[in-house]
Amino acid sequence: MNKNIAKIEDPILSVRDLTVAYDKNEAVKQVSVDFKKNSVTAIMGPSGCGKSTLLRAFNRMHELYENIHITGQIILNEEDIMKMPPIKVRRNLGMVFQRPNPFPTMSIYDNVIAGYKLNGIRLKKSEKDEIVERSLKDVALWDEVKDTLFKKGTFLSGGQQQRLCIARALAFSPEVILLDEPTSALDPIATSKIEEMLINLKKNYTIIMVTHNMSQAARISDYSLFMYLGELVEYDKTKTMFTNPKEKRTEEYLTGKFS
Amino acid sequence: MNSDKITKIVLVSVSFLILLIAGGMVFSLVSGAIPSFKEFGFSFITSKEWNPTEGRENYSALPFIAGTLMTSVTALLIALPLSFATSLFLGEYYRNTKIATILGTMVDLLAGIPSIVYGLWGFYVLRPIMVDLGLGNQGFGVFTAGLILSIMIIPYATSLSNEIIAMVPNDLKEAAYSLGATRLEVTLSVTVPAARSGIFAGYILAFGRALGETMAVTMLIGNSNLIPDNLFSSGNTMASVIANQFGEADGLKLSSLIAIALLLFVITGIINGVGKYIIKKFD
Amino acid sequence: MERVNPISYPDHSKRRILKEKIFLGLVIALSAITVSPIILIISKLVIKGVKQFSFDFIFKTTPNTYEAMTAVASGENIPGGVLNGISGTLLMVAAAALIAIPLGITSGVFLYENQGKRLANLVRNVSDILQGVPSIVLGLISYMWIVKHITHGFSALAGSVSLSIMMVPMIVRSTEETLKMIPNSIKEAALALGVPYYKVIIKVLIPTGFSGMLTGILLAISRVIGETAPLMLTALGSTMVNWDITQPTSALPLLVWEFYNDPNMVDLIWSTSLLLMVIVLIFNLVSKKIAKSRQ
């Protein structure tokens with residue numbers, strides 16, 4: 001196996017020769033990888049290895065910044081999304097960030113349907129209600145907030161805020177959900193709630209998650225991807241990688257020789 | 001007594017001087033205004049007439065309160081879109097670029113131009129344009145004064161809102177982009193709402209500036225003592241009437257001018273207090 | 001759980017991207033309009049004002065209206081200059097700075113040393129309110145205090161007092177802000193050595209924050225140099241160079257006002273305004289430069 005190519009049968013998202021450079025520093029080098037539908041894939045690696053940069057390339061977040069250059073192909077459902085308008089792409093790939101970032105001026109309700117509002121899509125009240133309820137139930141937040149839907153989202157606890165942000169991404173029913181270390185700012189109880197929820201979500205969504213937490217990857221991911229210095233080092237079923245890593249660097253990382 | 005104690009006493013007493021100055025100002029204005037208030041009572045702010053003719057003297061601040069509000073509101077309405085666009089240019093679209101630095105410096109320089117130079121420019125450049133358009137009394141009037149005032153207050157509104165807009169956390173904007181919003185949608189639905197109190201405070205402070213500006217207004221408003229009928233009538237503001245009529249004033253007239261100064265002091269004080277309060281709450 | 005309601009809404013991306021572009025165009029156009037007056041004003045001053053610039057303009061006092069009238073009638077430049085204005089501005093701004101700097105810096109240090117205390121908050125709020133008081137009101141105050149009771153007539157001192165009340169709040173604020181940025185450890189290190197408090201202020205705090213305070217002072221000076229309204233009520237003006245602080249005195253902005261009101265002298269307004277503007281800009285830019293070099 002070419003170590004920079006990892007193929008999977010019938011993928012939902014395929015990446016080919018993806019390179020991301022900050023000015024002239026390549027942070028992701030020639031990565032090619034496929035992602036399986038309705039699964040959780042964890043992207044791991046030491047800090048600075050390019051894992052977040054890779055994730056943010058999938059929904060073309062890098063294009064918000066002028067000094068970042070991307071080359072390569074990203075194919076979602078057999079369509080090259082590098083050729084689509086970014087605003088269209090991003091609707092199909094929802095994103096959740098490291099720190100919970102609900103919109104501070106909006107209520108919980110408005111936060112959930114923010115995507116529709118921002119995109120200028122007018123919905124009937126009943127449609128809105130349905131989307132809000134469904135999305136909040138998906139993240140197991142409905143029971144906690146159903147009586148305070150019109151209060152500001154910033155009054156919630158950190159874990160609740162992060163689940164609200166996930167609900168916000170789910171409201172659009174995207175194909176893929178990208179999570180960038182979603183639990184790194186949260187306490188262990190909030191973290192385990194979110195992990196449990198992610199496992200449930202994969203029935204309906206494809207989840208790609210960056211994590212610096214190996215045990216988290218082991219707990220919830222089906223596939224794991226290990227990156228080092230911008231390169232894809234190893235990609236396999238999580239169980240296989242954790243029990244029998246093929247690359248020496250992966251083994252060293254998993255056994256805590258470096259981090 | 002040790003030196004530390006002396007230092008503390010010096011610091012306190014010098015700072016106390018600031019309170020003393022402010023208190024003294026209020027005291028002097030009030031005591032200077034008392035003769036006028038005694039003579040006219042409430043009609044000082046309700047009667048429509050400012051008449052210095054001897055024997056029939058009647059002084060009311062109403063025409064000037066009206067003139068002040070009309071020019072300042074005109075100025076604010078003109079400044080609003082311009083300053084909003086400029087703060088988006090500086091704080092969002094071209095943040096941290098060379099062109100923004102240049103534009104920002106130019107906006108700052110606008111604040112540095114002396115009021116009297118604005119007045120001259122307004123008199124020799126803007127007024128003839130108003131005459132050509134057939135507006136105002138020989139080009140003088142509330143609107144011309146408001147127009148020049150708007151240029152003068154733009155820097156105050158812009159610098160604060162630009163700063164606050166630039167401070168809106170990036171992760172909020174990214175969250176909105178990740179939902180497929182365009183930059184315009186992110187800006188209007190997320191960035192500006194998150195910065196709204198700062199932007200609002202900037203406009204309030206700018207409005208406070210407009211209320212008290214003197215020279216440029218004096219040179220362009222046409223200096224009449226009547227309540228302006230419309231935007232193109234001449235009039236006077238509270239500040240411009242003091243500048244215009246102070247030279248020949250004594251007795252009841254001087255007291256009335258001082259009373260106007262007191263009103264102006266109180267109004268600008270309240271406006272500025274509100275603006276600063278909003279900023280503080282926002283921090 | 002079944003996946004409901006997939007994205008079936010049209011994204012209108014073309015229309016939205018077009019809107020975005022139109023808005024950006026609007027932002028650029030309005031921003032250009034916003035800054036155009038600065039270019040228009042300065043170029044007007046330069047074009048109309050430069051031809052009056054000469055040695056005499058800087059080193060002679062203002063002509064009387066008759067001299068000006070004859071010169072204009074025979075098509076010559078107006079003789080004389082604005083020396084009385086330059087000297088008056090220098091005198092009054094220097095005196096105002098002399099009053100405002102010690103007062104402003106001391107109060108700024110007080111506010112810094114008493115963060116969160118009630119008296120300090122009161123002083124800070126009052127100082128903020130003073131900053132918003134219209135300059136004409138300050139002129140009136142100074143008239144009531146100085147002209148009426150101290151110099152018993154219009155005077156440079158009365159002008160300086162009104163300008164200094166404008167300057168103090170700006171200096172207070174910049175001093176406090178600057179000191180707040182100095183790391184506490186520097187102050188503590190000095191105090192730990194047993195240095196008396198006033199020495200820590202004079203030898204450590206003020207020198208460390210010097211450039212920041214200087215920025216504030218220069219900016220405050222640049223703001224008051226162009227002030228006209230308060231001087232009309234206090235310094236009145238004079239056709240001669242005057243260095244006596246108790247006497248009526250001219251200033252550059254006062255001269256602009258006088259020339260504006262005298263049809264014979266009108267030719268001088270542009271050059272005088274240009275000179276005033278240049279001085280203001282120099283103070284402004286120098287203070288910006290210092291502020292930038294600190295970062």
# chains A, B, ... in the order shown; residues from 1 in each chain; ligands from 1
call {"tool": "residues_around", "arguments": {"residues": "A:Val33", "least_positions_apart": "2", "cutoff": "12 Å", "atoms": "only C-alpha atoms", "output": "NGL selection string"}}
result
:A and (2-9 or 11-18 or 30-31 or 35-36 or 41 or 43 or 54-55 or 58 or 72-75 or 223-227 or 231-236)
call {"tool": "interface_residues", "arguments": {"of": "chain B", "to": "chain A", "cutoff": "8 Å", "atoms": "only C-alpha atoms", "output": "ChimeraX atom specification"}}
result
/B:171-172,174-182,185-186,189-190,193-194
call {"tool": "residues_around", "arguments": {"residues": "B:Gly198", "least_positions_apart": "3", "cutoff": "10 Å", "atoms": "only C-alpha atoms", "output": "MDAnalysis selection string"}}
result
chainID B and resid 157 160:165 192:195 201:204 275:276 278:283
call {"tool": "closest_residue", "arguments": {"among": "C:Val137, C:Val266, C:Val241, C:Leu219", "to": "chain B", "atoms": "only C-alpha atoms"}}
result
C:Val137
call {"tool": "residues_around", "arguments": {"residues": "B:Pro81", "least_positions_apart": "5", "cutoff": "12 Å", "atoms": "only C-alpha atoms", "output": "JSON list (two decimals) with N, CA and C atoms, in the first residue's frame"}}
result
[["chain", "number", "residue", "atom", "x", "y", "z"],
["B", 75, "ALA", "N", -26.94, 65.60, 10.68],
["B", 75, "ALA", "CA", -25.56, 65.14, 10.61],
["B", 75, "ALA", "C", -25.47, 63.64, 10.89],
["B", 76, "LEU", "N", -26.20, 63.20, 11.89],
["B", 76, "LEU", "CA", -26.14, 61.78, 12.26],
["B", 76, "LEU", "C", -26.68, 60.90, 11.13],
["B", 86, "THR", "N", -17.61, 52.54, 6.23],
["B", 86, "THR", "CA", -16.18, 52.69, 6.47],
["B", 86, "THR", "C", -15.69, 51.75, 7.57],
["B", 87, "SER", "N", -16.52, 51.58, 8.61],
["B", 87, "SER", "CA", -16.05, 50.69, 9.67],
["B", 87, "SER", "C", -16.04, 49.24, 9.20],
["B", 88, "LEU", "N", -16.94, 48.89, 8.28],
["B", 88, "LEU", "CA", -16.87, 47.54, 7.72],
["B", 88, "LEU", "C", -15.63, 47.40, 6.82],
["B", 150, "SER", "N", -21.70, 66.38, 9.63],
["B", 150, "SER", "CA", -21.64, 64.93, 9.43],
["B", 150, "SER", "C", -20.21, 64.51, 9.13],
["B", 151, "ILE", "N", -19.51, 65.30, 8.31],
["B", 151, "ILE", "CA", -18.11, 64.95, 8.01],
["B", 151, "ILE", "C", -17.29, 65.02, 9.29],
["B", 154, "ILE", "N", -18.02, 61.86, 11.61],
["B", 154, "ILE", "CA", -17.77, 60.52, 11.09],
["B", 154, "ILE", "C", -16.59, 59.81, 11.78],
["B", 157, "ALA", "N", -17.66, 58.23, 15.15],
["B", 157, "ALA", "CA", -18.50, 57.03, 15.02],
["B", 157, "ALA", "C", -17.70, 55.88, 14.45],
["B", 158, "THR", "N", -16.83, 56.18, 13.46],
["B", 158, "THR", "CA", -16.13, 55.12, 12.75],
["B", 158, "THR", "C", -15.09, 54.43, 13.62],
["B", 203, "TYR", "N", -22.13, 55.89, 17.69],
["B", 203, "TYR", "CA", -23.03, 56.89, 17.13],
["B", 203, "TYR", "C", -23.52, 57.87, 18.20],
["C", 26, "LEU", "N", -20.61, 48.72, -2.65],
["C", 26, "LEU", "CA", -21.22, 49.82, -1.90],
["C", 26, "LEU", "C", -20.32, 50.25, -0.74],
["C", 27, "VAL", "N", -19.78, 49.25, -0.04],
["C", 27, "VAL", "CA", -18.89, 49.56, 1.08],
["C", 27, "VAL", "C", -17.68, 50.36, 0.60],
["C", 28, "ILE", "N", -17.11, 49.92, -0.51],
["C", 28, "ILE", "CA", -15.93, 50.61, -1.03],
["C", 28, "ILE", "C", -16.29, 52.04, -1.46],
["C", 29, "ALA", "N", -17.42, 52.16, -2.17],
["C", 29, "ALA", "CA", -17.82, 53.48, -2.66],
["C", 29, "ALA", "C", -18.08, 54.44, -1.51],
["C", 30, "LEU", "N", -18.84, 53.98, -0.51],
["C", 30, "LEU", "CA", -19.17, 54.85, 0.62],
["C", 30, "LEU", "C", -17.92, 55.21, 1.43],
["C", 31, "SER", "N", -17.00, 54.24, 1.55],
["C", 31, "SER", "CA", -15.76, 54.54, 2.27],
["C", 31, "SER", "C", -14.96, 55.61, 1.53],
["C", 33, "ILE", "N", -16.21, 57.92, -0.35],
["C", 33, "ILE", "CA", -16.87, 59.20, -0.11],
["C", 33, "ILE", "C", -16.50, 59.74, 1.27],
["C", 34, "THR", "N", -16.44, 58.84, 2.26],
["C", 34, "THR", "CA", -16.13, 59.26, 3.62],
["C", 34, "THR", "C", -14.79, 59.98, 3.70]]
call {"tool": "select_by_dssp", "arguments": {"residues": "stretch 52-279 of chain C", "states": "alpha helix (DSSP H)", "output": "JSON, numbers by chain"}}
result
{"C": [55, 56, 57, 58, 59, 65, 66, 67, 68, 69, 70, 71, 72, 73, 83, 84, 85, 86, 87, 88, 89, 90, 91, 92, 93, 94, 95, 96, 97, 98, 99, 100, 101, 102, 103, 104, 105, 106, 107, 108, 109, 110, 111, 112, 113, 118, 119, 120, 121, 122, 123, 124, 125, 126, 127, 128, 129, 130, 131, 132, 135, 136, 137, 138, 139, 140, 141, 142, 148, 149, 156, 157, 158, 159, 160, 161, 162, 163, 164, 165, 166, 167, 168, 169, 170, 171, 172, 173, 174, 175, 176, 177, 178, 179, 180, 181, 184, 185, 186, 187, 188, 189, 190, 191, 192, 197, 198, 199, 206, 207, 208, 210, 211, 212, 213, 214, 215, 216, 217, 218, 219, 220, 221, 222, 223, 224, 225, 229, 230, 231, 232, 233, 234, 252, 253, 254, 255, 256, 257, 258, 259, 260, 261, 268, 269, 270, 271, 272, 273, 274, 275, 276, 277, 278, 279]}
call {"tool": "closest_residue", "arguments": {"among": "C:Asp11, C:Asp262, C:Glu67, C:Glu188", "to": "chain B", "atoms": "only C-alpha atoms"}}
result
C:Asp11
call {"tool": "residues_around", "arguments": {"residues": "A:Thr19", "least_positions_apart": "6", "cutoff": "6 Å", "atoms": "only C-alpha atoms", "output": "PyMOL selection string"}}
result
chain A and resi 28-30+70-71
call {"tool": "select_by_dssp", "arguments": {"residues": "stretch 109-241 of chain A", "states": "strand (DSSP E or B)", "output": "ChimeraX atom specification"}}
result
/A:152,176-180,206-210,223-228,231-237
call {"tool": "write_last_selection", "arguments": {"atoms": "N, CA, C and O atoms", "output": "compact mmCIF listing (two decimals), in the first residue's frame"}}
result
# COMPACT_ATOMS: atom_id res chain seq x y z
N LYS A 152 -31.08 33.09 25.48
CA LYS A 152 -29.81 33.12 24.76
C LYS A 152 -29.04 31.81 24.97
O LYS A 152 -28.99 31.27 26.07
N VAL A 176 -22.04 15.09 5.67
CA VAL A 176 -20.89 14.78 6.51
C VAL A 176 -20.81 15.82 7.63
O VAL A 176 -21.13 16.98 7.40
N ILE A 177 -20.43 15.36 8.81
CA ILE A 177 -20.19 16.32 9.89
C ILE A 177 -18.72 16.29 10.26
O ILE A 177 -18.15 15.23 10.53
N LEU A 178 -18.10 17.46 10.20
CA LEU A 178 -16.69 17.59 10.53
C LEU A 178 -16.57 18.15 11.94
O LEU A 178 -17.17 19.17 12.25
N LEU A 179 -15.83 17.45 12.80
CA LEU A 179 -15.68 17.95 14.17
C LEU A 179 -14.20 18.16 14.47
O LEU A 179 -13.39 17.25 14.29
N ASP A 180 -13.89 19.37 14.91
CA ASP A 180 -12.49 19.72 15.16
C ASP A 180 -12.22 19.72 16.66
O ASP A 180 -12.48 20.70 17.34
N THR A 206 -22.31 10.79 8.28
CA THR A 206 -20.92 10.37 8.26
C THR A 206 -20.14 11.36 9.12
O THR A 206 -20.29 12.58 8.95
N ILE A 207 -19.35 10.85 10.03
CA ILE A 207 -18.69 11.74 10.98
C ILE A 207 -17.18 11.65 10.84
O ILE A 207 -16.60 10.54 10.84
N ILE A 208 -16.54 12.79 10.69
CA ILE A 208 -15.09 12.84 10.66
C ILE A 208 -14.66 13.77 11.79
O ILE A 208 -15.11 14.90 11.88
N MET A 209 -13.79 13.24 12.66
CA MET A 209 -13.48 13.99 13.86
C MET A 209 -11.98 14.06 14.09
O MET A 209 -11.29 13.04 14.07
N VAL A 210 -11.49 15.26 14.30
CA VAL A 210 -10.10 15.41 14.70
C VAL A 210 -10.04 15.26 16.21
O VAL A 210 -10.86 15.82 16.93
N TYR A 223 -12.92 4.00 11.98
CA TYR A 223 -11.67 4.09 11.23
C TYR A 223 -10.79 5.14 11.89
O TYR A 223 -11.27 6.11 12.45
N SER A 224 -9.48 4.93 11.77
CA SER A 224 -8.56 5.92 12.32
C SER A 224 -7.52 6.28 11.28
O SER A 224 -7.11 5.43 10.47
N LEU A 225 -7.13 7.53 11.35
CA LEU A 225 -6.18 8.05 10.38
C LEU A 225 -5.09 8.71 11.19
O LEU A 225 -5.37 9.57 12.04
N PHE A 226 -3.85 8.30 10.98
CA PHE A 226 -2.76 8.89 11.75
C PHE A 226 -1.91 9.78 10.84
O PHE A 226 -1.46 9.34 9.78
N MET A 227 -1.73 11.02 11.27
CA MET A 227 -0.93 11.96 10.48
C MET A 227 0.30 12.37 11.26
O MET A 227 0.30 12.46 12.49
N TYR A 228 1.38 12.64 10.50
CA TYR A 228 2.59 13.13 11.14
C TYR A 228 3.29 14.07 10.16
O TYR A 228 3.50 13.70 8.99
N GLU A 231 1.89 14.51 6.70
CA GLU A 231 1.68 13.33 5.85
C GLU A 231 0.72 12.35 6.50
O GLU A 231 0.68 12.23 7.73
N LEU A 232 -0.02 11.65 5.65
CA LEU A 232 -0.85 10.58 6.15
C LEU A 232 0.06 9.37 6.34
O LEU A 232 0.69 8.89 5.39
N VAL A 233 0.17 8.92 7.58
CA VAL A 233 1.11 7.82 7.86
C VAL A 233 0.39 6.47 7.77
O VAL A 233 0.87 5.54 7.15
N GLU A 234 -0.77 6.40 8.40
CA GLU A 234 -1.47 5.11 8.41
C GLU A 234 -2.97 5.33 8.51
O GLU A 234 -3.44 6.27 9.15
N TYR A 235 -3.70 4.48 7.83
CA TYR A 235 -5.16 4.60 7.81
C TYR A 235 -5.73 3.20 7.84
O TYR A 235 -5.41 2.37 6.99
N ASP A 236 -6.58 2.92 8.81
CA ASP A 236 -7.08 1.55 8.92
C ASP A 236 -8.31 1.52 9.82
O ASP A 236 -8.68 2.53 10.41
N LYS A 237 -8.89 0.32 9.92
CA LYS A 237 -9.93 0.16 10.94
C LYS A 237 -9.31 0.44 12.30
O LYS A 237 -8.16 0.06 12.56
call {"tool": "closest_residue", "arguments": {"among": "A:Asn200, A:Ser126, A:Asn25, A:Asn244", "to": "chain C", "atoms": "only C-alpha atoms"}}
result
A:Asn200
call {"tool": "residues_around", "arguments": {"residues": "C:Ser135", "least_positions_apart": "2", "cutoff": "12 Å", "atoms": "only C-alpha atoms", "output": "PyMOL selection string"}}
result
(chain B and resi 115+209-215+239-240+242-243+261+264-265+268) or (chain C and resi 130-133+137-142+159+161-167+223-224+226-234)
call {"tool": "write_last_selection", "arguments": {"atoms": "N, CA and C atoms", "output": "tab-separated table (two decimals), in the first residue's frame"}}
result
chain	number	residue	atom	x	y	z
B	115	SER	N	-12.24	72.94	13.45
B	115	SER	CA	-13.62	73.27	13.12
B	115	SER	C	-13.71	74.47	12.18
B	209	ARG	N	-20.85	64.91	20.02
B	209	ARG	CA	-19.94	65.85	19.37
B	209	ARG	C	-20.71	66.87	18.55
B	210	ALA	N	-21.66	66.37	17.77
B	210	ALA	CA	-22.40	67.25	16.86
B	210	ALA	C	-23.14	68.33	17.64
B	211	LEU	N	-23.67	67.96	18.81
B	211	LEU	CA	-24.45	68.93	19.59
B	211	LEU	C	-23.64	70.16	19.95
B	212	GLY	N	-22.34	69.97	20.22
B	212	GLY	CA	-21.56	71.07	20.75
B	212	GLY	C	-20.65	71.76	19.76
B	213	GLU	N	-20.57	71.27	18.53
B	213	GLU	CA	-19.68	71.89	17.55
B	213	GLU	C	-20.11	73.33	17.29
B	214	THR	N	-19.12	74.21	17.21
B	214	THR	CA	-19.46	75.63	17.16
B	214	THR	C	-19.11	76.31	15.84
B	215	MET	N	-17.82	76.41	15.54
B	215	MET	CA	-17.40	77.33	14.49
B	215	MET	C	-18.00	77.00	13.13
B	239	ALA	N	-24.77	76.26	20.54
B	239	ALA	CA	-23.36	76.66	20.54
B	239	ALA	C	-23.16	77.88	19.66
B	240	SER	N	-23.80	77.90	18.48
B	240	SER	CA	-23.52	79.00	17.56
B	240	SER	C	-24.11	80.32	18.06
B	242	ILE	N	-24.21	81.26	21.14
B	242	ILE	CA	-23.26	81.79	22.14
B	242	ILE	C	-22.11	82.47	21.41
B	243	ALA	N	-21.56	81.79	20.39
B	243	ALA	CA	-20.44	82.36	19.66
B	243	ALA	C	-20.82	83.67	18.98
B	261	ALA	N	-25.66	77.73	27.72
B	261	ALA	CA	-24.45	76.94	27.92
B	261	ALA	C	-24.69	75.84	28.95
B	264	LEU	N	-26.67	73.12	27.35
B	264	LEU	CA	-25.79	72.37	26.45
B	264	LEU	C	-24.88	71.43	27.24
B	265	PHE	N	-24.35	71.96	28.35
B	265	PHE	CA	-23.48	71.18	29.23
B	265	PHE	C	-24.22	69.94	29.74
B	268	THR	N	-25.09	67.44	26.65
B	268	THR	CA	-23.93	66.67	26.17
B	268	THR	C	-23.42	65.74	27.26
C	130	LEU	N	-16.07	65.65	31.31
C	130	LEU	CA	-15.39	66.90	30.92
C	130	LEU	C	-14.92	66.84	29.48
C	131	GLN	N	-14.48	65.64	29.07
C	131	GLN	CA	-13.98	65.50	27.71
C	131	GLN	C	-15.07	65.78	26.67
C	132	GLY	N	-16.32	65.54	27.06
C	132	GLY	CA	-17.39	65.75	26.11
C	132	GLY	C	-17.99	67.15	26.14
C	133	VAL	N	-17.53	67.98	27.08
C	133	VAL	CA	-18.11	69.32	27.18
C	133	VAL	C	-17.70	70.14	25.95
C	137	VAL	N	-18.48	76.06	25.67
C	137	VAL	CA	-18.89	76.14	27.08
C	137	VAL	C	-17.66	76.37	27.96
C	138	LEU	N	-16.56	75.69	27.61
C	138	LEU	CA	-15.33	75.89	28.38
C	138	LEU	C	-14.84	77.32	28.23
C	139	GLY	N	-15.01	77.89	27.04
C	139	GLY	CA	-14.63	79.28	26.83
C	139	GLY	C	-15.45	80.21	27.73
C	140	LEU	N	-16.73	79.93	27.80
C	140	LEU	CA	-17.62	80.74	28.62
C	140	LEU	C	-17.22	80.66	30.10
C	141	ILE	N	-16.90	79.43	30.53
C	141	ILE	CA	-16.47	79.21	31.91
C	141	ILE	C	-15.21	80.01	32.20
C	142	SER	N	-14.25	79.90	31.30
C	142	SER	CA	-12.99	80.60	31.52
C	142	SER	C	-13.21	82.11	31.51
C	159	GLY	N	-7.53	82.20	27.77
C	159	GLY	CA	-7.53	81.26	26.65
C	159	GLY	C	-6.87	79.95	27.06
C	161	VAL	N	-6.49	78.61	29.99
C	161	VAL	CA	-7.27	77.83	30.95
C	161	VAL	C	-8.35	77.03	30.22
C	162	SER	N	-9.04	77.69	29.27
C	162	SER	CA	-10.09	76.95	28.57
C	162	SER	C	-9.48	75.78	27.78
C	163	LEU	N	-8.32	76.01	27.15
C	163	LEU	CA	-7.68	74.92	26.40
C	163	LEU	C	-7.20	73.82	27.33
C	164	SER	N	-6.69	74.22	28.51
C	164	SER	CA	-6.15	73.19	29.40
C	164	SER	C	-7.27	72.28	29.93
C	165	ILE	N	-8.46	72.86	30.15
C	165	ILE	CA	-9.56	71.99	30.62
C	165	ILE	C	-9.92	70.98	29.53
C	166	MET	N	-9.71	71.37	28.25
C	166	MET	CA	-9.94	70.40	27.18
C	166	MET	C	-8.89	69.29	27.19
C	167	MET	N	-7.65	69.69	27.53
C	167	MET	CA	-6.54	68.73	27.42
C	167	MET	C	-6.51	67.72	28.55
C	223	ARG	N	-5.30	68.62	19.19
C	223	ARG	CA	-6.74	68.91	19.23
C	223	ARG	C	-7.02	70.35	19.60
C	224	VAL	N	-6.21	70.94	20.49
C	224	VAL	CA	-6.55	72.29	20.97
C	224	VAL	C	-5.95	73.39	20.09
C	226	GLY	N	-6.22	74.01	17.05
C	226	GLY	CA	-7.16	74.57	16.08
C	226	GLY	C	-8.41	75.17	16.71
C	227	GLU	N	-8.50	75.13	18.04
C	227	GLU	CA	-9.72	75.61	18.70
C	227	GLU	C	-9.91	77.12	18.52
C	228	THR	N	-11.08	77.50	18.10
C	228	THR	CA	-11.36	78.91	17.86
C	228	THR	C	-12.38	79.44	18.86
C	229	ALA	N	-13.48	78.71	19.00
C	229	ALA	CA	-14.61	79.22	19.77
C	229	ALA	C	-14.22	79.66	21.19
C	230	PRO	N	-13.50	78.84	21.96
C	230	PRO	CA	-13.22	79.29	23.33
C	230	PRO	C	-12.31	80.52	23.36
C	231	LEU	N	-11.43	80.63	22.36
C	231	LEU	CA	-10.52	81.79	22.36
C	231	LEU	C	-11.26	83.08	22.04
C	232	MET	N	-12.31	82.98	21.22
C	232	MET	CA	-13.10	84.17	20.92
C	232	MET	C	-13.66	84.78	22.19
C	233	LEU	N	-14.00	83.92	23.15
C	233	LEU	CA	-14.62	84.38	24.38
C	233	LEU	C	-13.61	84.78	25.44
C	234	THR	N	-12.32	84.45	25.20
C	234	THR	CA	-11.35	84.62	26.28
C	234	THR	C	-10.13	85.45	25.89
call {"tool": "closest_residue", "arguments": {"among": "A:Tyr205, A:Tyr253, A:Phe258, A:Tyr65", "to": "chain C", "atoms": "only C-alpha atoms"}}
result
A:Tyr205
call {"tool": "decode", "arguments": {"residues": "stretch 213-222 of chain A", "atoms": "N, CA, C and O atoms", "output": "tab-separated table (two decimals), in the first residue's frame"}}
result
chain	number	residue	atom	x	y	z
A	213	ASN	N	-7.02	12.97	21.43
A	213	ASN	CA	-7.22	12.07	22.55
A	213	ASN	C	-7.35	10.64	22.02
A	213	ASN	O	-8.37	10.27	21.43
A	214	MET	N	-6.30	9.86	22.20
A	214	MET	CA	-6.29	8.52	21.60
A	214	MET	C	-7.38	7.63	22.13
A	214	MET	O	-8.01	6.88	21.39
A	215	SER	N	-7.64	7.72	23.44
A	215	SER	CA	-8.65	6.82	23.98
A	215	SER	C	-10.02	7.17	23.44
A	215	SER	O	-10.88	6.31	23.26
A	216	GLN	N	-10.22	8.48	23.16
A	216	GLN	CA	-11.49	8.87	22.55
A	216	GLN	C	-11.63	8.22	21.17
A	216	GLN	O	-12.68	7.67	20.84
A	217	ALA	N	-10.58	8.27	20.41
A	217	ALA	CA	-10.61	7.66	19.08
A	217	ALA	C	-10.91	6.17	19.21
A	217	ALA	O	-11.73	5.61	18.49
A	218	ALA	N	-10.27	5.53	20.17
A	218	ALA	CA	-10.48	4.09	20.37
A	218	ALA	C	-11.92	3.80	20.77
A	218	ALA	O	-12.52	2.81	20.36
A	219	ARG	N	-12.50	4.69	21.59
A	219	ARG	CA	-13.85	4.44	22.08
A	219	ARG	C	-14.90	4.56	20.98
A	219	ARG	O	-15.82	3.76	20.91
A	220	ILE	N	-14.80	5.58	20.14
A	220	ILE	CA	-15.96	5.82	19.28
A	220	ILE	C	-15.71	5.68	17.78
A	220	ILE	O	-16.66	5.63	17.02
A	221	SER	N	-14.46	5.60	17.33
A	221	SER	CA	-14.28	5.62	15.88
A	221	SER	C	-14.25	4.23	15.27
A	221	SER	O	-13.86	3.25	15.91
A	222	ASP	N	-14.72	4.14	14.02
A	222	ASP	CA	-14.63	2.89	13.26
A	222	ASP	C	-13.32	2.83	12.49
A	222	ASP	O	-12.71	1.80	12.34
